[in-house]
$ cat final-v6.cif   # mmCIF, N, CA and C atoms
data_run
loop_
_atom_site.label_atom_id
_atom_site.label_comp_id
_atom_site.auth_asym_id
_atom_site.auth_seq_id
_atom_site.Cartn_x
_atom_site.Cartn_y
_atom_site.Cartn_z
N MET A 1 135.49 119.52 74.26
CA MET A 1 136.05 118.22 74.07
C MET A 1 135.71 117.34 75.27
N ARG A 2 135.25 116.15 75.03
CA ARG A 2 134.83 115.23 76.07
C ARG A 2 136.01 114.42 76.58
N GLU A 3 136.13 114.36 77.95
CA GLU A 3 137.19 113.57 78.55
C GLU A 3 136.88 112.09 78.42
N ASN A 4 137.92 111.31 78.27
CA ASN A 4 137.76 109.87 78.18
C ASN A 4 137.89 109.28 79.57
N LYS A 5 136.74 109.06 80.24
CA LYS A 5 136.74 108.52 81.60
C LYS A 5 136.39 107.06 81.56
N LYS A 6 137.15 106.27 82.27
CA LYS A 6 136.89 104.84 82.37
C LYS A 6 135.87 104.62 83.49
N LYS A 7 134.82 103.93 83.16
CA LYS A 7 133.80 103.63 84.15
C LYS A 7 134.06 102.26 84.74
N ILE A 8 133.85 102.17 86.04
CA ILE A 8 134.00 100.88 86.70
C ILE A 8 132.67 100.49 87.35
N THR A 9 132.51 99.21 87.50
CA THR A 9 131.28 98.72 88.10
C THR A 9 131.38 98.82 89.62
N LYS A 10 130.25 98.66 90.26
CA LYS A 10 130.21 98.68 91.73
C LYS A 10 131.06 97.55 92.30
N ALA A 11 131.01 96.39 91.69
CA ALA A 11 131.80 95.25 92.14
C ALA A 11 133.29 95.53 92.01
N GLN A 12 133.69 96.16 90.92
CA GLN A 12 135.10 96.50 90.73
C GLN A 12 135.57 97.51 91.78
N LEU A 13 134.72 98.50 92.05
CA LEU A 13 135.06 99.50 93.06
C LEU A 13 135.22 98.86 94.43
N LYS A 14 134.30 97.95 94.75
CA LYS A 14 134.37 97.24 96.02
C LYS A 14 135.67 96.45 96.12
N GLN A 15 136.05 95.79 95.06
CA GLN A 15 137.28 95.00 95.03
C GLN A 15 138.50 95.90 95.22
N ILE A 16 138.53 97.04 94.58
CA ILE A 16 139.65 97.98 94.71
C ILE A 16 139.77 98.45 96.16
N ILE A 17 138.65 98.81 96.76
CA ILE A 17 138.66 99.28 98.15
C ILE A 17 139.14 98.18 99.08
N GLN A 18 138.66 96.96 98.90
CA GLN A 18 139.09 95.84 99.75
C GLN A 18 140.58 95.59 99.62
N GLU A 19 141.10 95.68 98.40
CA GLU A 19 142.53 95.47 98.18
C GLU A 19 143.35 96.56 98.88
N GLU A 20 142.89 97.79 98.79
CA GLU A 20 143.61 98.90 99.42
C GLU A 20 143.56 98.78 100.94
N LEU A 21 142.41 98.47 101.49
CA LEU A 21 142.28 98.34 102.94
C LEU A 21 143.03 97.13 103.46
N GLY A 22 143.12 96.09 102.66
CA GLY A 22 143.82 94.88 103.07
C GLY A 22 145.29 95.10 103.33
N GLN A 23 145.86 96.13 102.75
CA GLN A 23 147.27 96.44 102.95
C GLN A 23 147.55 96.93 104.36
N PHE A 24 146.54 97.46 105.04
CA PHE A 24 146.77 98.08 106.33
C PHE A 24 146.51 97.16 107.51
N GLN A 25 145.71 96.14 107.37
CA GLN A 25 145.39 95.19 108.43
C GLN A 25 145.06 95.91 109.74
N LEU A 26 144.02 96.72 109.71
CA LEU A 26 143.63 97.47 110.88
C LEU A 26 142.78 96.65 111.82
N SER A 27 142.89 96.95 113.11
CA SER A 27 142.01 96.32 114.08
C SER A 27 140.72 97.11 114.16
N GLU A 28 139.86 96.73 115.09
CA GLU A 28 138.56 97.37 115.21
C GLU A 28 138.68 98.88 115.39
N ASP A 29 139.60 99.33 116.23
CA ASP A 29 139.73 100.76 116.47
C ASP A 29 140.79 101.40 115.58
N GLY A 30 141.42 100.62 114.73
CA GLY A 30 142.39 101.16 113.79
C GLY A 30 143.82 101.18 114.29
N HIS A 31 144.06 100.66 115.49
CA HIS A 31 145.41 100.71 116.04
C HIS A 31 145.83 99.34 116.55
N MET A 32 146.89 98.80 115.96
CA MET A 32 147.40 97.49 116.37
C MET A 32 148.84 97.58 116.83
N ASP A 33 149.43 98.75 116.79
CA ASP A 33 150.86 98.87 117.04
C ASP A 33 151.18 98.93 118.53
N VAL A 34 152.42 98.62 118.86
CA VAL A 34 152.88 98.60 120.24
C VAL A 34 152.79 99.99 120.89
N PRO A 35 153.20 101.07 120.23
CA PRO A 35 153.06 102.39 120.88
C PRO A 35 151.61 102.72 121.27
N SER A 36 150.66 102.33 120.45
CA SER A 36 149.25 102.57 120.80
C SER A 36 148.85 101.79 122.04
N ALA A 37 149.32 100.55 122.13
CA ALA A 37 149.03 99.73 123.30
C ALA A 37 149.64 100.35 124.55
N ARG A 38 150.86 100.86 124.43
CA ARG A 38 151.51 101.52 125.58
C ARG A 38 150.71 102.72 126.03
N ARG A 39 150.28 103.56 125.08
CA ARG A 39 149.50 104.76 125.43
C ARG A 39 148.21 104.38 126.14
N LYS A 40 147.52 103.36 125.64
CA LYS A 40 146.26 102.95 126.24
C LYS A 40 146.47 102.41 127.66
N LEU A 41 147.55 101.65 127.84
CA LEU A 41 147.82 101.11 129.17
C LEU A 41 148.24 102.20 130.15
N LYS A 42 149.01 103.18 129.69
CA LYS A 42 149.37 104.30 130.56
C LYS A 42 148.13 105.07 131.00
N THR A 43 147.20 105.27 130.08
CA THR A 43 145.94 105.93 130.43
C THR A 43 145.16 105.08 131.43
N SER A 44 145.15 103.77 131.22
CA SER A 44 144.46 102.86 132.14
C SER A 44 145.07 102.92 133.54
N ILE A 45 146.39 102.99 133.61
CA ILE A 45 147.07 103.08 134.90
C ILE A 45 146.69 104.38 135.61
N GLU A 46 146.67 105.49 134.88
CA GLU A 46 146.28 106.77 135.46
C GLU A 46 144.84 106.72 135.97
N ASP A 47 143.95 106.17 135.15
CA ASP A 47 142.55 106.07 135.55
C ASP A 47 142.39 105.19 136.79
N ALA A 48 143.08 104.06 136.81
CA ALA A 48 142.99 103.14 137.94
C ALA A 48 143.52 103.80 139.21
N GLY A 49 144.60 104.56 139.08
CA GLY A 49 145.16 105.26 140.23
C GLY A 49 144.19 106.28 140.81
N GLN A 50 143.52 107.02 139.93
CA GLN A 50 142.54 108.01 140.38
C GLN A 50 141.34 107.34 141.03
N ILE A 51 140.90 106.24 140.47
CA ILE A 51 139.77 105.49 141.05
C ILE A 51 140.16 104.95 142.42
N LEU A 52 141.34 104.37 142.52
CA LEU A 52 141.80 103.81 143.79
C LEU A 52 141.91 104.90 144.86
N GLN A 53 142.42 106.05 144.47
CA GLN A 53 142.54 107.17 145.40
C GLN A 53 141.15 107.60 145.91
N ALA A 54 140.18 107.68 145.02
CA ALA A 54 138.82 108.04 145.43
C ALA A 54 138.22 106.98 146.35
N LEU A 55 138.48 105.71 146.05
CA LEU A 55 137.96 104.63 146.89
C LEU A 55 138.59 104.65 148.28
N GLU A 56 139.87 104.97 148.35
CA GLU A 56 140.55 105.02 149.65
C GLU A 56 140.00 106.14 150.52
N GLN A 57 139.51 107.19 149.92
CA GLN A 57 138.91 108.29 150.67
C GLN A 57 137.50 107.95 151.15
N MET A 58 136.86 106.97 150.53
CA MET A 58 135.49 106.60 150.88
C MET A 58 135.42 105.80 152.18
N GLY A 59 136.41 105.04 152.49
CA GLY A 59 136.33 104.17 153.66
C GLY A 59 135.65 102.86 153.30
N ASP A 60 135.72 101.92 154.23
CA ASP A 60 135.20 100.57 153.98
C ASP A 60 133.68 100.48 154.04
N GLU A 61 133.02 101.44 154.63
CA GLU A 61 131.57 101.37 154.78
C GLU A 61 130.81 101.85 153.54
N GLY A 62 131.49 102.48 152.60
CA GLY A 62 130.82 102.99 151.41
C GLY A 62 130.30 101.87 150.52
N GLU A 63 129.25 102.18 149.79
CA GLU A 63 128.68 101.20 148.86
C GLU A 63 128.77 101.74 147.44
N LEU A 64 128.91 100.83 146.52
CA LEU A 64 129.01 101.19 145.10
C LEU A 64 127.91 100.47 144.33
N PRO A 65 127.41 101.11 143.28
CA PRO A 65 126.36 100.46 142.49
C PRO A 65 126.87 99.20 141.78
N SER A 66 125.99 98.25 141.59
CA SER A 66 126.38 96.98 140.96
C SER A 66 126.86 97.19 139.52
N TRP A 67 126.28 98.16 138.79
CA TRP A 67 126.72 98.40 137.41
C TRP A 67 128.17 98.86 137.39
N TRP A 68 128.56 99.66 138.41
CA TRP A 68 129.92 100.17 138.49
C TRP A 68 130.89 99.04 138.81
N MET A 69 130.52 98.21 139.77
CA MET A 69 131.37 97.05 140.12
C MET A 69 131.53 96.12 138.93
N GLY A 70 130.46 95.98 138.14
CA GLY A 70 130.53 95.14 136.94
C GLY A 70 131.57 95.66 135.95
N LYS A 71 131.63 96.97 135.79
CA LYS A 71 132.61 97.57 134.87
C LYS A 71 134.04 97.35 135.38
N VAL A 72 134.24 97.50 136.69
CA VAL A 72 135.57 97.30 137.27
C VAL A 72 135.97 95.83 137.13
N THR A 73 135.04 94.94 137.39
CA THR A 73 135.32 93.50 137.26
C THR A 73 135.69 93.15 135.83
N LEU A 74 134.95 93.67 134.88
CA LEU A 74 135.21 93.40 133.47
C LEU A 74 136.56 93.97 133.04
N ALA A 75 136.86 95.20 133.47
CA ALA A 75 138.16 95.81 133.13
C ALA A 75 139.31 94.98 133.69
N ALA A 76 139.18 94.54 134.94
CA ALA A 76 140.23 93.73 135.56
C ALA A 76 140.40 92.41 134.80
N ASP A 77 139.30 91.81 134.40
CA ASP A 77 139.36 90.55 133.66
C ASP A 77 140.03 90.75 132.30
N TYR A 78 139.68 91.81 131.59
CA TYR A 78 140.29 92.09 130.29
C TYR A 78 141.80 92.33 130.42
N LEU A 79 142.21 93.10 131.43
CA LEU A 79 143.64 93.34 131.62
C LEU A 79 144.37 92.05 131.96
N ASN A 80 143.75 91.20 132.76
CA ASN A 80 144.35 89.93 133.13
C ASN A 80 144.55 89.06 131.89
N LYS A 81 143.56 89.02 131.03
CA LYS A 81 143.66 88.22 129.81
C LYS A 81 144.70 88.78 128.85
N ALA A 82 144.79 90.11 128.76
CA ALA A 82 145.80 90.73 127.90
C ALA A 82 147.20 90.42 128.42
N ARG A 83 147.37 90.45 129.75
CA ARG A 83 148.65 90.11 130.35
C ARG A 83 149.00 88.65 130.08
N ASP A 84 148.02 87.77 130.28
CA ASP A 84 148.26 86.35 130.03
C ASP A 84 148.69 86.09 128.59
N TYR A 85 148.08 86.80 127.65
CA TYR A 85 148.43 86.62 126.24
C TYR A 85 149.92 86.91 126.01
N LEU A 86 150.41 87.99 126.61
CA LEU A 86 151.80 88.37 126.40
C LEU A 86 152.78 87.58 127.25
N LEU A 87 152.42 87.25 128.48
CA LEU A 87 153.38 86.67 129.41
C LEU A 87 153.25 85.18 129.62
N VAL A 88 152.05 84.64 129.44
CA VAL A 88 151.83 83.23 129.80
C VAL A 88 151.68 82.35 128.56
N SER A 89 150.86 82.75 127.63
CA SER A 89 150.52 81.87 126.51
C SER A 89 151.68 81.68 125.53
N GLY A 90 152.57 82.65 125.46
CA GLY A 90 153.70 82.55 124.54
C GLY A 90 153.31 82.72 123.09
N GLU A 91 152.11 83.21 122.82
CA GLU A 91 151.65 83.41 121.44
C GLU A 91 152.19 84.70 120.87
#
$ encode --input "final-v6.cif" --output "structure tokens"
Amino acid sequence: MRENKKKITKAQLKQIIQEELGQFQLSEDGHMDVPSARRKLKTSIEDAGQILQALEQMGDEGELPSWWMGKVTLAADYLNKARDYLLVSGE
């Protein structure tokens, strides 16, 4: 006996998937919630502390590669902007 299966078009399938995904409103990495932000910031604090500790052991005469300084500068800028969003902009 043959089952009665309903066939859908590619466009219909795409529409169904978009509707289902639209319910979740995910960000790029899939996490928009406050607990996820807290976890990421705690990890950032730990990483920054370890980096600072290593830098303090190097002394002032040590040199760092420009690519590394670029990453630190970018991270500091991103954290500053994230802080401003929550504390300054009022959005």
$ atom_distance --input "final-v6.cif" --atom1 "atom C of Gln50 in chain A" --atom2 "atom N of Met32 in chain A"
27.1 Å
$ atom_distance --input "final-v6.cif" --atom1 "CA of Gly49 in chain A" --atom2 "CA of Leu64 in chain A"
17.4 Å
$ atom_distance --input "final-v6.cif" --atom1 "atom C of Leu87 in chain A" --atom2 "atom N of Arg38 in chain A"
16.7 Å
$ axis_aligned_box --input "final-v6.cif" --around "range 61-79 of chain A" --padding-each-side "3 Å" --output "JSON"
{"center_x": 135.2, "center_y": 96.8, "center_z": 142.5, "size_x": 24.4, "size_y": 18.4, "size_z": 30.5}
$ select_by_dssp --input "final-v6.cif" --residues "range 42-90 of chain A" --states "alpha helix (DSSP H)" --output "PyMOL selection string"
chain A and resi 42-58+66-87
